[in-house]
Each structure stands twice: as C-alpha cells, then as structure tokens.
Amino acid sequence: MAKQPLTTTVFSRSSYPEYRRILSILRTETVGGALLLTATVIALIWANSPAAEGYFALRDLKIGYEPWHLQLSLGHWASDGLLAVFFFLAGLELKREFVAGELRKPARAVVPVAAAVGGVVIPALIYVLFNLGSASETLKGWAIPTATDIAFALAVLAVINTHLPAALRTFLLTLAVVDDLIAIGIIAFFYSTGIQPLMLLAALVPLALFTFLVQKRIRSWYFLLPLALATWGLVHASGIHATVAGVLLGFAVPVFNSGRKGEPAEGLAEHFEHRLRPFSAGFAVPVFAFFSAGVALGGLDGMRAALSDPVAVGIVAALVLGKAIGVFGTTFLVTKTTRASLDSSIAWIDLFGLALLAGIGFTVSLLIGELSFGTGSAHNDHAKVAILAGSLIAALLAAVVLRARNRHYRLVQVEEQRDDDGDGVPDVFSRT
C-alpha cells in the first residue's frame, strides 16, 4: 500500500506560556483600541463643530527648539514622537517573535508571513488600479491601505463580544507583527526624503551605546532614555522618518536574560514591554489618532467630494476587498500547496472573517497618508475619510461573519479552559 503524504497542521495551538503572553498583550491592546475609538470620535466631532478652528489651531500649534529642527506642531510631535514608542514596541515584538515566538519555526511562520505579504501587495495593487488614470500625485498613496490596526481590530472583537480560539488570536497578532515590519520598511525606503548621511551616521553613536548597555542588561532609565532620545532626534534630522528610530532601538533589546544568578527572571524585552505598552496603547496611539483623525467633512457635499476622489475610492476598495483577498487568498494557496490542513477547531469561514477584520487600517494608514500627501492637503483629508469609511465597512462585514460563529467559539473556549487534572495548565495545552 502506498504511503499517504505527510501533512502539517496550521493554526494549531501554541504553548501555554505563549498563549498567556499573547492574551496579556491583546487585553492591553483591546483597552487601547477603545481609547483609540474614543479619541477618533472626539476629533471628528470637534473638527466638524462650530469650534472647529480651535481643534485645527491646537493641532497646528508649534512647540520645540528650532535650532535643532525640532520646532514641530503638536500633530507632528504625535506622529513622529509618540508613535516612536508604538514602533519601539513593534520592534520588541518583532524580535521576540523571530527569536522565541511563532516566527522562529519556519513551518509555523510561513502562513502568517505569506498572509501578511498578500495583505500588503493586493491592496496596493488595487489602489494603483483605481488611480492609474489620475494625476501621478495620487499614486503616492499606494501604501496607505496596506496596514492592519491590531488595536482597532481588537476593539471591534470586544464590541461584538466574540470569543476567538487561541490559534486565531495568535494568527491575528502574528499577522499584525509582520504587517508592522513591512510598514516600517515602506516608511523607511519610500517615505524618507532629503537624506542627511552625516546625521544618520551620528545617530549610530547613541544607538550603539544604547545597544551596548541593554546587551549588558542595564535597565536604568537615566542611562537609556537620553541615548534613545538622542537616537530619535538624529534620525529625525537625517530625513528618515523618526519612528524608524523606535524600531531600531527595539531590535537592540535582548529577548532573554543572561542567566546570571540574581538577575530578574523576565528578559529585558519583556521588562520594557510591560512598562511601555500601557503608555503606548493608553496614551501615545490615542493622542496620535486625536490629532490625525480630525477632518472637516463638509456635510453631504464634502462627503460626496471626498468619496469621488480616486484616492478615497482606491483606499476603500483596497481595505475592504484587497485585504480580504490578499490575506485569505494567500493563506488558502499556501495551505493547499503545502498539503497542510487546518486545526480541527478552525474552519475556512473563520479565516475569511479574520481576513475581513484585517481590513481595519487606521494608525499606520493615517501616518502614511500624511507622509504621502502632507497634513491639511485635500488628498490627505479625503484619505482620512476613506480610511475611516473603509475600516468601518471592513469591521461591520467581519462582525457579521465572526458573530455567526460565536457559538462554536464559545465551545472551543470552554475546551481551552478545562483543567481536569488540576495541574494549572488547561488539558488541551498539556497535549500539545
């Protein structure tokens, strides 16, 4: 009898410690997503109220030290400064995933990595197709619909009260992590202008000192913070977007501790993540959203004008259709061509719902919109409207699909919490 070809299982559960770590991250990001939504609503209401001038005056208020080229508007400080903290955490999470997480195993990494790539390439192509016949300026926004906002997506999951299985939660986070890595590369290579090589070389000095200290497991903020700020300031002056500095600093931090006697059990990456994630999710990202999401809609006429712009149409189509096709289609192709099979707790409709959810692009999409067209420009205002509209449509469609599967998710959740032998580890994780 001929041997049957071996198959691998995708979307299987990770280890219990990894499951608990991911739940902790997602819990913080869910709260951050609620604050993000609140900040966005406040900004939209204020920007379209009789007091709108006050909002835009606050956003454009400049503070800082001009001789160091740091006299920036509050909106600019939020996008370049506060988002650097967000990208620092992205760098930490990226490194941890590649060193100790899901991405360290090629067999487990191939599906989320391929899905993330598909979820970037297909939306970009759809946007370009909608803007080929327009002015060349509109093509600058090709990368706007390529990003997935994990906090916004988790806030939607919390609102619809769905109970995603552990494997799907892990996939969503891993997808977002790889998505962030691609977005960082796009910002660094396509949205950096007027590069100053000397400033970039100068930034390597505090970055190297920061790296040396964290490799020695130095945790003292009064040593590390000045070096981090110096790295950020010099990268900002070099012409490369300052958020890239956050990623580089995150990559420098070791994931594991050195194993020396008396050293804290948690690694330095975990230490920084515990300290900074609440600040990032609870303050930095909502403040950025507050200053970036405010756009004067101009009533029905203004909405019609915005949604007739090829920029806006391309973004909505790319977020709603492009992300779903890119993430789901790539996942399906990779799974079938590698003779892999889904875990028994997962069905293809679950993956389709998650692919729709990936169409929620917000924080990084708003940032790339500003980099593409400039703050206050007509195309950027139209892009903001489209990002909000596309994300809302994607969220509603995902809610319909995932909510319909909620009864199944509850059964899986019960199974993932059963601990009949009382060893403190749910039985399904003991068997993995």
# chains A, B, ... in the order shown; residues from 1 in each chain; ligands from 1

$ select_by_dssp --residues "segment 282-394 of chain A" --states "helix (DSSP H, G or I)" --output "PyMOL selection string"
chain A and resi 282-293+299-307+310-337+348-357+363-373+378-394

$ residues_around --residues "Ile187 of chain A" --least-positions-apart "4" --cutoff "9 Å" --atoms "only C-alpha atoms" --output "PyMOL selection string"
chain A and resi 143+182-183+191-192+240-241+243-244+368+371

$ write_last_selection --atoms "C-alpha atoms" --output "JSON list (two decimals), in the first residue's frame"
[["chain", "number", "residue", "atom", "x", "y", "z"],
["A", 143, "ALA", "CA", 0.86, 52.19, 0.73],
["A", 182, "ILE", "CA", 6.57, 45.63, 6.19],
["A", 183, "ALA", "CA", 5.08, 49.04, 7.04],
["A", 191, "TYR", "CA", 8.74, 57.98, 2.51],
["A", 192, "SER", "CA", 12.13, 59.31, 3.56],
["A", 240, "ILE", "CA", 14.41, 59.24, 7.66],
["A", 241, "HIS", "CA", 11.07, 59.17, 9.46],
["A", 243, "THR", "CA", 9.56, 56.32, 14.01],
["A", 244, "VAL", "CA", 12.21, 54.12, 12.38],
["A", 368, "ILE", "CA", 1.32, 57.05, 5.66],
["A", 371, "LEU", "CA", 3.57, 61.25, 4.56]]

$ atom_distance --atom1 "atom CA of Ile184 of chain A" --atom2 "atom CA of Leu83 of chain A"
11.8 Å

$ closest_residue --among "A:Ile315, A:Thr148, A:Leu224, A:Pro197" --to "Ala237 of chain A" --atoms "only C-alpha atoms"
A:Pro197

$ closest_residue --among "A:Ala84, A:Ile144, A:Val111, A:Val414" --to "Thr231 of chain A" --atoms "only C-alpha atoms"
A:Ala84

$ atom_distance --atom1 "atom CA of Leu209 of chain A" --atom2 "atom CA of Ile63 of chain A"
28.8 Å

$ residues_around --residues "Leu35 of chain A" --least-positions-apart "4" --cutoff "8 Å" --atoms "only C-alpha atoms" --output "number ranges by chain"
A: 31, 39, 282, 286
